[in-house]
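A short worksheet on the structure shown next.
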There are 2 protein chains.
Amino acid sequence: MRTIEWVPEKNIVKMIDQRVLPHEESWLEFDDSREVAEAIRGMVIRGAPAIGVAAAFGMVLAAQQSRASTHDDLLRDLRAAHDVLYAARPTAVNLRWGLERMMQCASHLTTETLDETRARLLREAQRIADEDVQINQTMGAHGARLLPRQANVLHHCNTGGLATVDWGTALGVIRSAHEQGKGIHVFVDETRPRLQGARLTAWELMQWGVPMTLIADNAAGYYMLNGQVDAVLVGADRIAANGDTVNKIGTYKLAATAKDSNIPFYVVAPTSTIDLRTLTGKEIPIEERDPREVTHPDDDPRGIAPEGVQVGNPAFDITPHRLITAIITEYGPIYPPFDETLLPVVERAAADRRAGRVVSPEDVLHE
Amino acid sequence: MRTIEWVPEKNIVKMIDQRVLPHEESWLEFDDSREVAEAIRGMVIRGAPAIGVAAAFGMVLAAQQSRASTHDDLLRDLRAAHDVLYAARPTAVNLRWGLERMMQCASHLTTETLDETRARLLREAQRIADEDVQINQTMGAHGARLLPRQANVLHHCNTGGLATVDWGTALGVIRSAHEQGKGIHVFVDETRPRLQGARLTAWELMQWGVPMTLIADNAAGYYMLNGQVDAVLVGADRIAANGDTVNKIGTYKLAATAKDSNIPFYVVAPTSTIDLRTLTGKEIPIEERDPREVTHPDDDPRGIAPEGVQVGNPAFDITPHRLITAIITEYGPIYPPFDETLLPVVERAAADRRAGRVVSPEDVLHE
């Protein structure tokens, strides 16, 4: 199953509706790039890598919708679609990354017919999607090496197949370790306010047959101090040049607690999540979301708080680089000092992309 | 308003039903000590000081219910009621403290008639309740001194009038500072899984007119790292002789994060919460509660997780003494090293109790 997929027979993109899981497994179809932007904003699809791919397919739809008769007009329409998609959510850099990759592809294609350009854009989006799966499995192979046998792992939010095209980032590492027979058990943070852990991660782990225990976010420290957690694994929405990592709200508390309890804290993210244009975490915009996410968990109409209560609902926080043991990418774990170690890996990824190379789990085996 | 109160006209004890706040303000009446134990277990009443007082009134009801014709028989019936009440919840030491005070009172009264004994037990329970309010206001006066003007305070769970007889412990400090015109603003952790922050603390602060912002527990770190929190204030269910503090689940994560963000972390608790018979936090039993508290927030029948999910639900955690800036009692703040500083304060409290003295907010003014 892929979270997001192109349907060639219909020329549309379909996505599983993550707002209604695990109660319902429902698929939505999109033929309009603006609706894709709305789906990203409304969290039909979420997770940094997944929204990068959704934005790429949104650009394919924009190219199809465009009535341009010249390349310049098509590029203008694509730029307009780019801006709408870019504004959908501010924090995850993969959105920008996916959009820029599509714009680059389009602007290099001026010698082809417009329909050839449309076809090339579709192939580029599909390539981004396929690469995402392969990159995740490669990260999984790298990360699994860091986990001891019988490891108890603590995981925040959802970083599984649903946060990507398939396999996952932090949860992909867990899946890889599980498939290697390492006997992994996962403490699953429910991840208030949107409950991605309880709704999505628990659902995925149960489907994969990975032993797990769902806990309130507050309980993570209990198990950590008790010596019951061997590693904390999280994803990322954006990693600054110095290693500061912006991820789902609550990540910083986990990292500070892991440090206090002497537990390794791993960020698992593809190089596309590293944003060298952002020097430190403080420069990364933090999205403030609807107060109803806090006052009405899982959209329960009764609400849990007094009427008219004032609410703060930042969707992400910054984990300072000093709290991160390693950042696990498709090129393996990167260790501090991140302001020196991130750059060469990002350059290697750019070189590989120019050469059309994509790392694979087999590379890890042969290392 | 008192959370728990004796109704002399009916010879019953009444409590506000904290399970249905803030949706409903409903009062329950009890004439049976076993039902009081059930109310404590089911969290009709919760909060360490409040359940100590509830247990004391439970003993009054047991004395009324007893058909004993001799003091020895009455003491036997009281011992049986003691055991049932004691088993209601394992973690908060105030339950044991309230019960032991009532048993001590009863065992000293062998020269009186049984009805005189019953009346003396009622007076003792009422004294415990009255003292609780006065002690809380005294803690409030001490604690308010530690908060700067315009302080932003972060608060976990509910430690207000509802967790005590009236006023509160940590929330009592906030109330005292607010009434002194200090311009306090409170970040209110919602406190999953039972949501005492969203349901009870928000309700109390709004009634008192204290400016506040309700947040998901995960968001606390965001505001702390941002420099928007001047102090963290929490209550306690039991404090060991070395200062290790057991409190509502999530407290340890807050303390570790406060340390990482260089924010003072205060525990506010009466000396009755200090248990010198427990040497370290590891000896304190941690209650594991119903998985439905996690999977069905606010008892929403739909649930937030897949059917059949495995759940961990510890109700409390241990905050190591090294993370605590000070423990604020009715005798003022106690600073580390707690294994030296707690004992003299507990001894002073015992001496005051023997002498029939209770500290008051005026004592703080004259200090």
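We label chains A, B, ... in the order they appear in the structure tokens, count residues from 1 in each chain, and number ligands from 1 in the order shown.
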Give the strand (DSSP E or B) residues of stretch 95-253 of chain B, as assigned by DSSP on the backbone, as a list in words. Asn152, Val153, Leu154, His155, Gly160, Gly168, His185, Val186, Phe187, Val188, Asp189, Met212, Thr213, Leu214, Ile215, Ala231, Val232, Leu233, Val234, Arg238, Ile239, Ala240, Thr245, Val246, Asn247 and Lys248 of chain B
What's the 9 Å shell around A:Gln126, counting only C-alpha atoms, without same-chain residues fewer than 2 positions away, as a ChimeraX atom specification? /A:5-6,53,56-57,121-124,128-131
Keeping only all heavy atoms, write the selected residues to a file as a CSV table (one decimal), in the first residue's frame.
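Just written: out12.csv:
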chain,number,residue,atom,x,y,z
A,5,GLU,N,-0.5,8.0,-4.5
A,5,GLU,CA,-0.2,7.2,-5.7
A,5,GLU,C,-0.9,7.9,-6.9
A,5,GLU,O,-2.0,8.4,-6.8
A,5,GLU,CB,-0.8,5.8,-5.6
A,5,GLU,CG,0.1,4.8,-6.3
A,5,GLU,CD,-0.3,3.3,-5.8
A,5,GLU,OE1,-1.4,3.2,-5.2
A,5,GLU,OE2,0.5,2.4,-6.1
A,6,TRP,N,-0.3,7.8,-8.1
A,6,TRP,CA,-0.9,8.3,-9.3
A,6,TRP,C,-1.7,7.2,-9.9
A,6,TRP,O,-1.3,6.0,-9.9
A,6,TRP,CB,0.2,8.7,-10.3
A,6,TRP,CG,-0.3,9.3,-11.5
A,6,TRP,CD1,-0.4,8.7,-12.8
A,6,TRP,CD2,-0.8,10.6,-11.7
A,6,TRP,NE1,-1.0,9.6,-13.6
A,6,TRP,CE2,-1.2,10.8,-13.0
A,6,TRP,CE3,-0.9,11.7,-10.8
A,6,TRP,CZ2,-1.7,12.0,-13.5
A,6,TRP,CZ3,-1.4,12.9,-11.3
A,6,TRP,CH2,-1.8,13.0,-12.6
A,53,VAL,N,5.9,14.8,-1.6
A,53,VAL,CA,5.5,14.0,-2.8
A,53,VAL,C,4.1,14.5,-3.2
A,53,VAL,O,3.8,14.6,-4.4
A,53,VAL,CB,5.4,12.5,-2.4
A,53,VAL,CG1,4.8,11.7,-3.6
A,53,VAL,CG2,6.8,12.0,-2.2
A,56,ALA,N,4.5,17.5,-5.2
A,56,ALA,CA,5.0,17.1,-6.6
A,56,ALA,C,3.9,16.7,-7.5
A,56,ALA,O,3.7,17.2,-8.6
A,56,ALA,CB,6.1,16.1,-6.5
A,57,PHE,N,3.0,15.8,-7.0
A,57,PHE,CA,1.9,15.4,-7.8
A,57,PHE,C,0.9,16.6,-8.0
A,57,PHE,O,0.2,16.6,-9.0
A,57,PHE,CB,1.1,14.2,-7.1
A,57,PHE,CG,1.8,12.9,-7.4
A,57,PHE,CD1,2.3,12.1,-6.3
A,57,PHE,CD2,2.0,12.4,-8.7
A,57,PHE,CE1,2.9,10.9,-6.6
A,57,PHE,CE2,2.6,11.2,-8.9
A,57,PHE,CZ,3.1,10.4,-7.9
A,121,LEU,N,7.0,15.7,-16.3
A,121,LEU,CA,6.7,16.1,-14.9
A,121,LEU,C,6.1,15.0,-14.2
A,121,LEU,O,6.4,14.8,-13.0
A,121,LEU,CB,5.7,17.3,-14.9
A,121,LEU,CG,6.4,18.7,-15.3
A,121,LEU,CD1,5.3,19.8,-15.5
A,121,LEU,CD2,7.4,19.1,-14.2
A,122,LEU,N,5.2,14.2,-14.8
A,122,LEU,CA,4.6,13.1,-14.2
A,122,LEU,C,5.7,12.1,-13.8
A,122,LEU,O,5.7,11.5,-12.7
A,122,LEU,CB,3.5,12.4,-15.0
A,122,LEU,CG,2.9,11.1,-14.5
A,122,LEU,CD1,2.4,11.2,-13.1
A,122,LEU,CD2,1.9,10.5,-15.5
A,123,ARG,N,6.6,11.8,-14.8
A,123,ARG,CA,7.7,10.9,-14.5
A,123,ARG,C,8.5,11.4,-13.3
A,123,ARG,O,9.0,10.6,-12.5
A,123,ARG,CB,8.5,10.6,-15.7
A,123,ARG,CG,7.8,9.7,-16.7
A,123,ARG,CD,8.9,9.0,-17.6
A,123,ARG,NE,9.6,9.9,-18.4
A,123,ARG,CZ,9.2,10.5,-19.6
A,123,ARG,NH1,8.0,10.2,-20.0
A,123,ARG,NH2,9.9,11.3,-20.2
A,124,GLU,N,8.8,12.7,-13.3
A,124,GLU,CA,9.6,13.2,-12.2
A,124,GLU,C,8.9,13.0,-10.8
A,124,GLU,O,9.5,12.6,-9.9
A,124,GLU,CB,9.9,14.7,-12.4
A,124,GLU,CG,10.7,15.4,-11.4
A,124,GLU,CD,12.2,14.9,-11.4
A,124,GLU,OE1,12.6,14.1,-12.3
A,124,GLU,OE2,13.0,15.4,-10.6
A,128,ILE,N,10.2,10.8,-7.7
A,128,ILE,CA,10.3,11.3,-6.3
A,128,ILE,C,9.7,10.3,-5.4
A,128,ILE,O,10.2,10.0,-4.3
A,128,ILE,CB,9.7,12.7,-6.2
A,128,ILE,CG1,10.6,13.7,-7.0
A,128,ILE,CG2,9.7,13.1,-4.7
A,128,ILE,CD1,10.0,15.2,-7.0
A,129,ALA,N,8.5,9.8,-5.8
A,129,ALA,CA,7.8,8.9,-4.9
A,129,ALA,C,8.5,7.6,-4.8
A,129,ALA,O,8.7,7.0,-3.7
A,129,ALA,CB,6.4,8.7,-5.5
A,130,ASP,N,9.0,7.1,-5.9
A,130,ASP,CA,9.7,5.8,-5.9
A,130,ASP,C,11.0,5.9,-5.1
A,130,ASP,O,11.4,5.1,-4.3
A,130,ASP,CB,10.1,5.3,-7.3
A,130,ASP,CG,8.9,4.9,-8.1
A,130,ASP,OD1,7.8,4.7,-7.5
A,130,ASP,OD2,9.0,4.9,-9.4
A,131,GLU,N,11.7,7.0,-5.3
A,131,GLU,CA,13.0,7.3,-4.5
A,131,GLU,C,12.7,7.3,-3.0
A,131,GLU,O,13.5,6.9,-2.2
A,131,GLU,CB,13.6,8.6,-5.0
A,131,GLU,CG,14.3,8.5,-6.3
A,131,GLU,CD,14.8,9.9,-6.8
A,131,GLU,OE1,14.8,10.8,-5.9
A,131,GLU,OE2,15.2,10.0,-7.9
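Counting only C-alpha atoms, B:His155 has the following residues at most 10 Å away, ignoring those fewer than 3 positions along the same chain: Asn152, Asn158, Thr159, Ala170, Leu171, Ile174, Val186, Phe187, Val188, Asp189, Glu190, Thr191, Gly197, Thr201, Ala220, Ala231, Val232, Leu233, Val234, Gly235, Thr251 and Leu254 of chain B.
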Output as number ranges by chain the set of chain B residues within 6 Å of chain A, with distances taken over only C-alpha atoms. B: 22, 198-199, 203, 213-215, 218-219, 221-222, 249-250, 253, 256-257, 304-306, 310-312, 317
Could the residues in this selection be written to a file with C-alpha atoms, as a JSON list (two decimals), in the first residue's frame?
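Listed below is the output, again.json:
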[["chain", "number", "residue", "atom", "x", "y", "z"],
["B", 22, "PRO", "CA", -16.48, 21.20, 33.55],
["B", 198, "ALA", "CA", -8.09, 20.97, 30.70],
["B", 199, "ARG", "CA", -11.13, 19.94, 32.71],
["B", 203, "TRP", "CA", -12.16, 25.76, 35.02],
["B", 213, "THR", "CA", -3.45, 29.38, 28.10],
["B", 214, "LEU", "CA", -4.43, 25.74, 27.77],
["B", 215, "ILE", "CA", -1.84, 23.64, 25.94],
["B", 218, "ASN", "CA", 3.61, 18.18, 24.37],
["B", 219, "ALA", "CA", 3.67, 21.96, 23.90],
["B", 221, "GLY", "CA", 8.72, 22.36, 26.01],
["B", 222, "TYR", "CA", 8.07, 24.75, 23.13],
["B", 249, "ILE", "CA", 2.42, 11.20, 35.15],
["B", 250, "GLY", "CA", 4.37, 13.64, 32.97],
["B", 253, "LYS", "CA", 9.44, 15.02, 31.64],
["B", 256, "ALA", "CA", 13.96, 17.26, 32.91],
["B", 257, "THR", "CA", 12.89, 19.85, 30.33],
["B", 304, "ILE", "CA", -8.80, 7.13, 19.44],
["B", 305, "ALA", "CA", -6.83, 3.95, 18.75],
["B", 306, "PRO", "CA", -7.26, 0.66, 16.91],
["B", 310, "GLN", "CA", -1.94, -2.81, 24.03],
["B", 311, "VAL", "CA", -1.77, 0.13, 26.48],
["B", 312, "GLY", "CA", 0.48, 1.24, 29.33],
["B", 317, "ASP", "CA", 6.05, 9.07, 37.81]]
Write out as a PyMOL selection string the residues lying within 9 Å of stretch 358-363 of chain B, counting only C-alpha atoms and excluding same-chain residues fewer than 3 positions away. chain B and resi 131+134-142+330-331+349+352-353+355+366-367
Please produce an output containing C-alpha atoms for each residue in the selection, written as a CSV table (one decimal), in the first residue's frame.
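Output below, filename selection.csv:
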chain,number,residue,atom,x,y,z
B,131,GLU,CA,-6.2,22.9,58.5
B,134,GLN,CA,-5.1,27.2,56.2
B,135,ILE,CA,-2.0,25.3,55.3
B,136,ASN,CA,-2.7,25.8,51.6
B,137,GLN,CA,-3.1,29.6,52.0
B,138,THR,CA,0.2,29.6,54.0
B,139,MET,CA,2.0,27.7,51.2
B,140,GLY,CA,0.4,30.2,48.8
B,141,ALA,CA,1.9,33.1,50.7
B,142,HIS,CA,5.3,31.5,50.8
B,330,GLU,CA,3.5,25.5,54.8
B,331,TYR,CA,6.8,26.3,56.5
B,349,ALA,CA,5.2,20.1,61.8
B,352,ASP,CA,3.1,22.0,66.0
B,353,ARG,CA,0.4,19.4,65.6
B,355,ALA,CA,0.8,21.6,70.5
B,366,HIS,CA,5.7,38.6,59.9
B,367,GLU,CA,8.7,36.6,58.8
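Summary of the local environment: counting only C-alpha atoms, residues at most 8 Å from B:Ala37, other than itself and those fewer than 2 positions away along its chain, are Ser33, Arg34, Glu35, Ala39, Ile40, Arg41, Ala55, Gly58, Val84, Leu85 and Ala88 of chain B.
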Can I get the selection written as a CSV table (one decimal), in the first residue's frame, with N, CA, C and O atoms?
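Final output, part-v8.csv:
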chain,number,residue,atom,x,y,z
B,33,SER,N,-18.8,4.4,54.4
B,33,SER,CA,-17.3,4.6,54.2
B,33,SER,C,-16.9,3.8,53.0
B,33,SER,O,-15.9,4.2,52.3
B,34,ARG,N,-17.5,2.6,52.7
B,34,ARG,CA,-17.1,1.9,51.5
B,34,ARG,C,-17.4,2.6,50.2
B,34,ARG,O,-16.6,2.5,49.2
B,35,GLU,N,-18.4,3.4,50.2
B,35,GLU,CA,-18.7,4.2,49.0
B,35,GLU,C,-17.7,5.3,48.9
B,35,GLU,O,-17.4,5.8,47.7
B,39,ALA,N,-15.4,6.1,45.7
B,39,ALA,CA,-15.3,7.4,45.1
B,39,ALA,C,-13.9,7.8,45.0
B,39,ALA,O,-13.5,8.5,44.0
B,40,ILE,N,-13.0,7.5,45.9
B,40,ILE,CA,-11.6,7.8,45.8
B,40,ILE,C,-11.0,7.0,44.6
B,40,ILE,O,-10.3,7.5,43.8
B,41,ARG,N,-11.3,5.7,44.6
B,41,ARG,CA,-10.8,4.8,43.5
B,41,ARG,C,-11.2,5.3,42.1
B,41,ARG,O,-10.5,5.4,41.2
B,55,ALA,N,-10.7,10.4,53.1
B,55,ALA,CA,-10.5,9.2,53.9
B,55,ALA,C,-10.9,9.5,55.4
B,55,ALA,O,-11.5,8.6,56.0
B,58,GLY,N,-14.4,9.4,55.6
B,58,GLY,CA,-14.8,8.0,55.5
B,58,GLY,C,-14.8,7.3,56.8
B,58,GLY,O,-15.7,6.5,57.2
B,84,VAL,N,-10.0,-0.7,54.0
B,84,VAL,CA,-10.7,-0.6,52.8
B,84,VAL,C,-10.3,0.8,52.1
B,84,VAL,O,-10.0,0.9,50.9
B,85,LEU,N,-10.3,1.8,52.9
B,85,LEU,CA,-10.0,3.1,52.4
B,85,LEU,C,-8.5,3.2,52.0
B,85,LEU,O,-8.2,3.8,50.9
B,88,ALA,N,-7.8,2.0,48.5
B,88,ALA,CA,-8.5,2.7,47.4
B,88,ALA,C,-7.5,3.1,46.3
B,88,ALA,O,-7.7,2.9,45.1
From a backbone DSSP assignment, name each residue in stretch 50-195 of chain A labelled alpha helix (DSSP H), as number ranges by chain. A: 50-65, 71-86, 93-107, 114-146, 170-179
Nearest candidate to A:Gly161 (options A:Leu61, A:Val20, A:Ala81, A:Ile45; using only C-alpha atoms):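 Closest candidate: A:Ile45.
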Would you pick out the contacts of B:Arg322 at 9 Å or less, using only C-alpha atoms, so that residues sharing its chain but fewer than 5 positions from it are not included, and give the list as a PyMOL selection string? chain B and resi 243-244+336-337
What's the separation between atom CA of B:His156 and atom CA of A:Glu288, in Å to one decimal place? 21.7 Å
Hey, what's within 6 Å of stretch 90-94 of chain B if we count only C-alpha atoms and toss same-chain stuff fewer than 6 positions away? As a list in words, please?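 Selected residues are Ala48, Pro49, Gly52, Asp237, Arg238, Thr273, Pro285 and Ile286 of chain B.
Counting from atom CA of B:Pro264, the distance to atom CA of B:Ala326 is 8.3 Å.
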